[in-house]
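Student: Input: one structure, supplied below.
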Amino acid sequence: MNETIVSYFSQFEIYKTIVDTLTNSIGTSGPAIFNFLIFFLAVFVVVNIMAVIGGLGTFAERKISADMQGRIGPNRVGPYGILQFLADGIKMFLKEDIIPKAADRFIFIVAPVLALMGVFGTLAVIPFSNGFILTNLNVGIFYLIGIGSLVGLAVFLGGYASNSKWSMLGGMRGASQIISYEIPVVLSIMAVVILSGTLNFKDLVEAQGGMPQTWFIFHNPFTFIGFFIFFIGALAETNRAPFDLPEAESELVSGYHTEYTGMRFAFFALAEYVEVFVVCGVGAAAFLGGFNVPFHLGGDGIVGQVLQIGAFVSKTLFLYYLVIVIRWTYPRLRVDQLMSLCWKYLTPIALFNLIGVSVWLYMFDGKSMWSLLFEHGSKAVSGH
Amino acid sequence: MGNFLFFASAILTILGAISVVLVKDIMHACVYLLVSLIGVAGLYLTLGADFVAATQLVVYVGGVVILMVFAVMLTGGASSQDSNKFGMIKTPMMGNLKTYTIGVFALFITLFIIVKILGNIFKGLKTEALGPLTESVQKIGFSLITDNVLAFEISSVLLLGSLIGAAIIARPLKEKVEN
């Protein structure tokens, strides 16, 4: 069995006492039920917090865009309008749920659920902290890439099932874009995987350190370029501007979710915002040191866990902020530009990076450029 | 618990497969195929082959089903009654003397490399430098570059061949100048 969040809790005394009392009262199935309860509770907490983060993402987006354009933004509901997303959510619940007559009913209903499933499935392996990973799979990164590609299918099916030309165009664009940009993203993640020699998210993060010079982004020049390729590809995979062609308002009305209303639309929107968080989290974990706290502050206890979650979430939210700022800064690409950017620039550079990282690993025994510089400098100093 | 998950994914697989056959709409069949493939991934996972399960997700769910849906849609889907013949056009031989010469050279170099790799295996590699392999990923990776390297290389050649074939089919036909 893989390491899960339950195995973190099982090191405390209180866990053992509860398990013992349960075994005495219920029997041998007591611990299993209790483990399941803990796991269920953790999943419940994570999913709900993610949903709230997705909602706050819409609020942050509107507020930041308002700042950048000299407007005020939402300011009526709650302090600074921060409860706007709740009002939006309630509005979504109360809207009439319309399924177009010509739509393919079955796929129309399945598509938003698939999108949400794909995104929330990825949350299982996100390393929030040393102990707080829902399940620490051996092949965590691989699993994340696999389950995350459900979103592309959902976008396409949603566009197809709506039976409207705008949705169809948006869905086709979305699917082709997601498939193409998966390649540079996966290749640049692969470079980091080669460096750390593991597909396990926790080991990948722990191969880095707390201070910036031990992060993989500054490990060597190739990973530095690789991070930016990953980030550009991630923007495109989550259909964010400047790659928001699938839902380009000015040409496609609203793209693949044109015909969706009420909660089904909310599913798509929520999936998009949570996916941005997940992708930023992967970037933070793979390149920016993830949950590592400088100088191992707080140790491995509860305080340490809180600090680690803080480190991970603050890095992720920084990337999230960048994503939002980029959306309101750059104009949208054309379809042919989008494809040529991916296939003619990003993919070759990512392949080159992959080879470069392998060569670096072979030449310098996996040392980072800072440690090489330091060694060289200390040798030069001692030589005199 | 493990048993329960195994049977759940087995039922998912079987029901999905039956629905693929029974459903009339080909798009719906694709969605049911997706369900069936996810069930197969679940089977792998419950049997302890986590790497294979993740590969199943990446290759089939992420790649094959999307491509199927694309293909179905581009060929007209369920509504098209007139089943046209395949739009394949006979392509003339590609290349000239120069490209063939380069190709033969490349073939020799590739053969040289393969022989070099295989020679090392038959001579016997030093394996004691590695620690015990615990994770399934490590075992798979180790066996792919030692015992099964030939299959690995041949499958990559197969993929390269299919890539080139796709490029030949997709490339725009040259207009004949004399007509």
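By convention here, the chains of the structure tokens are called A, B, ... in the order presented, each chain's residues are numbered starting at 1, and ligands are numbered starting at 1 in the order presented.
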Write out, as a tab-separated table, each residue of chain B that has an atom at most 7 Å from chain A, together with the closest pair of atoms and their distance in Å to one decimal, counting only C-alpha atoms, rows going by chain and rising number.
Tutor:
```
residue	atom	partner	partner_atom	distance
B:Asp50	CA	A:Val139	CA	7.0
B:Phe51	CA	A:Val139	CA	6.2
B:Ala54	CA	A:Tyr143	CA	5.0
B:Leu57	CA	A:Gly146	CA	4.9
B:Val58	CA	A:Gly146	CA	3.9
B:Val61	CA	A:Leu150	CA	6.8
B:Gly62	CA	A:Ser149	CA	4.9
B:Ile66	CA	A:Leu153	CA	5.9
```
Student: Which neighbours of range 285-299 of chain A fall inside 7 Å, counting only C-alpha atoms, when residues of the same chain fewer than 3 positions from it are skipped, and could you give them as a PDB file with N, CA and C atoms, in the first residue's frame?
Tutor:
```pdb
ATOM      1  N   PHE A 128       1.189  19.066  -0.431  1.00  0.00           N
ATOM      2  CA  PHE A 128       0.994  20.303   0.317  1.00  0.00           C
ATOM      3  C   PHE A 128       2.085  20.467   1.369  1.00  0.00           C
ATOM      4  N   SER A 129       2.488  19.348   1.968  1.00  0.00           N
ATOM      5  CA  SER A 129       3.581  19.416   2.932  1.00  0.00           C
ATOM      6  C   SER A 129       4.183  18.028   3.039  1.00  0.00           C
ATOM      7  N   VAL A 192      13.227  17.652 -14.911  1.00  0.00           N
ATOM      8  CA  VAL A 192      13.347  17.667 -13.455  1.00  0.00           C
ATOM      9  C   VAL A 192      13.341  16.253 -12.899  1.00  0.00           C
ATOM     10  N   LEU A 204      10.645  14.108  -5.112  1.00  0.00           N
ATOM     11  CA  LEU A 204      11.049  15.165  -6.039  1.00  0.00           C
ATOM     12  C   LEU A 204      11.235  16.480  -5.299  1.00  0.00           C
ATOM     13  N   VAL A 205      10.281  16.792  -4.401  1.00  0.00           N
ATOM     14  CA  VAL A 205      10.383  18.045  -3.657  1.00  0.00           C
ATOM     15  C   VAL A 205      11.535  17.980  -2.666  1.00  0.00           C
ATOM     16  N   GLN A 208      15.091  18.890  -3.474  1.00  0.00           N
ATOM     17  CA  GLN A 208      15.453  20.299  -3.487  1.00  0.00           C
ATOM     18  C   GLN A 208      15.614  20.766  -2.046  1.00  0.00           C
ATOM     19  N   GLY A 209      15.939  22.047  -1.881  1.00  0.00           N
ATOM     20  CA  GLY A 209      16.128  22.546  -0.527  1.00  0.00           C
ATOM     21  C   GLY A 209      15.265  23.765  -0.283  1.00  0.00           C
ATOM     22  N   GLY A 210      15.410  24.348   0.899  1.00  0.00           N
ATOM     23  CA  GLY A 210      14.593  25.489   1.255  1.00  0.00           C
ATOM     24  C   GLY A 210      15.029  26.782   0.581  1.00  0.00           C
ATOM     25  N   MET A 211      16.342  26.933   0.398  1.00  0.00           N
ATOM     26  CA  MET A 211      16.840  28.202  -0.135  1.00  0.00           C
ATOM     27  C   MET A 211      16.795  28.195  -1.659  1.00  0.00           C
ATOM     28  N   TRP A 215      16.864  25.197  -5.379  1.00  0.00           N
ATOM     29  CA  TRP A 215      15.683  24.845  -6.155  1.00  0.00           C
ATOM     30  C   TRP A 215      16.114  24.360  -7.525  1.00  0.00           C
ATOM     31  N   PHE A 216      15.237  23.557  -8.137  1.00  0.00           N
ATOM     32  CA  PHE A 216      15.591  23.013  -9.448  1.00  0.00           C
ATOM     33  C   PHE A 216      15.607  24.079 -10.533  1.00  0.00           C
ATOM     34  N   ILE A 217      14.857  25.168 -10.331  1.00  0.00           N
ATOM     35  CA  ILE A 217      14.847  26.204 -11.382  1.00  0.00           C
ATOM     36  C   ILE A 217      16.232  26.804 -11.536  1.00  0.00           C
ATOM     37  N   PHE A 227      11.710  25.842 -16.850  1.00  0.00           N
ATOM     38  CA  PHE A 227      10.621  26.359 -16.033  1.00  0.00           C
ATOM     39  C   PHE A 227       9.717  27.273 -16.855  1.00  0.00           C
ATOM     40  N   GLY A 281       0.697  24.689  -8.652  1.00  0.00           N
ATOM     41  CA  GLY A 281       1.255  23.877  -7.583  1.00  0.00           C
ATOM     42  C   GLY A 281       2.313  22.925  -8.105  1.00  0.00           C
ATOM     43  N   VAL A 282       2.058  22.330  -9.278  1.00  0.00           N
ATOM     44  CA  VAL A 282       3.055  21.444  -9.874  1.00  0.00           C
ATOM     45  C   VAL A 282       4.323  22.225 -10.194  1.00  0.00           C
ATOM     46  N   VAL A 303       3.954  22.388  13.867  1.00  0.00           N
ATOM     47  CA  VAL A 303       4.362  23.735  13.431  1.00  0.00           C
ATOM     48  C   VAL A 303       5.054  23.649  12.078  1.00  0.00           C
ATOM     49  N   GLY A 304       5.941  22.646  11.960  1.00  0.00           N
ATOM     50  CA  GLY A 304       6.651  22.468  10.701  1.00  0.00           C
ATOM     51  C   GLY A 304       5.697  22.215   9.558  1.00  0.00           C
ATOM     52  N   LEU A 307       4.086  25.424   8.566  1.00  0.00           N
ATOM     53  CA  LEU A 307       5.018  26.267   7.817  1.00  0.00           C
ATOM     54  C   LEU A 307       5.208  25.737   6.404  1.00  0.00           C
ATOM     55  N   GLN A 308       5.291  24.394   6.281  1.00  0.00           N
ATOM     56  CA  GLN A 308       5.491  23.802   4.958  1.00  0.00           C
ATOM     57  C   GLN A 308       4.312  24.072   4.048  1.00  0.00           C
ATOM     58  N   ILE A 309       3.084  23.896   4.612  1.00  0.00           N
ATOM     59  CA  ILE A 309       1.893  24.194   3.806  1.00  0.00           C
ATOM     60  C   ILE A 309       1.926  25.658   3.398  1.00  0.00           C
ATOM     61  N   ALA A 311       4.576  27.554   2.942  1.00  0.00           N
ATOM     62  CA  ALA A 311       5.570  27.766   1.891  1.00  0.00           C
ATOM     63  C   ALA A 311       5.029  27.335   0.545  1.00  0.00           C
ATOM     64  N   PHE A 312       4.413  26.130   0.524  1.00  0.00           N
ATOM     65  CA  PHE A 312       3.900  25.613  -0.744  1.00  0.00           C
ATOM     66  C   PHE A 312       2.807  26.513  -1.291  1.00  0.00           C
TER      67      PHE A 312
END
```
Student: Could you jot down the CA of Lys91 in chain A to CA of Asp67 in chain A separation for me, Å, one decimal place?
Tutor: 24.9 Å
Student: Which is closest to Leu37 in chain B among B:Val52, B:Ile145, B:Ala17, B:Val72, if we use only C-alpha atoms?
Tutor: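 Of the candidates, the smallest distance to Leu37 in chain B is held by B:Ala17.
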Student: Can you tell me which residues surround Phe59 in chain A at a distance of at most 10 Å, considering only C-alpha atoms, apart from same-chain residues fewer than 5 positions away, and format the answer as a list of chain:residue names?
Tutor: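 Selected residues are A:Ile53, A:Gly54, A:Ile64, A:Ser65, A:Gly73, A:Pro74, A:Gly81, A:Ile82, A:Leu83, A:Gln84, A:Phe85, A:Leu86, A:Asp88.
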Student: Mind pulling up the distance from CA of Ser136 in chain B to CA of Tyr44 in chain B?
Tutor: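 So the two atoms, CA of Tyr44 in chain B and CA of Ser136 in chain B, lie 12.4 Å apart.
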Student: Could you state the separation of CA of Phe40 in chain A and CA of Val306 in chain A in Å, given to one decimal place?
Tutor: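 So the two atoms, CA of Phe40 in chain A and CA of Val306 in chain A, lie 20.4 Å apart.
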Student: Check the smallest atom-to-atom distance from each of B:Val40, B:Leu111, B:Ile117, B:Ile26 to Leu12 in chain B using only C-alpha atoms, then report the winner.
Tutor: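 Checking each candidate against Leu12 in chain B, we get B:Val40 as the closest.
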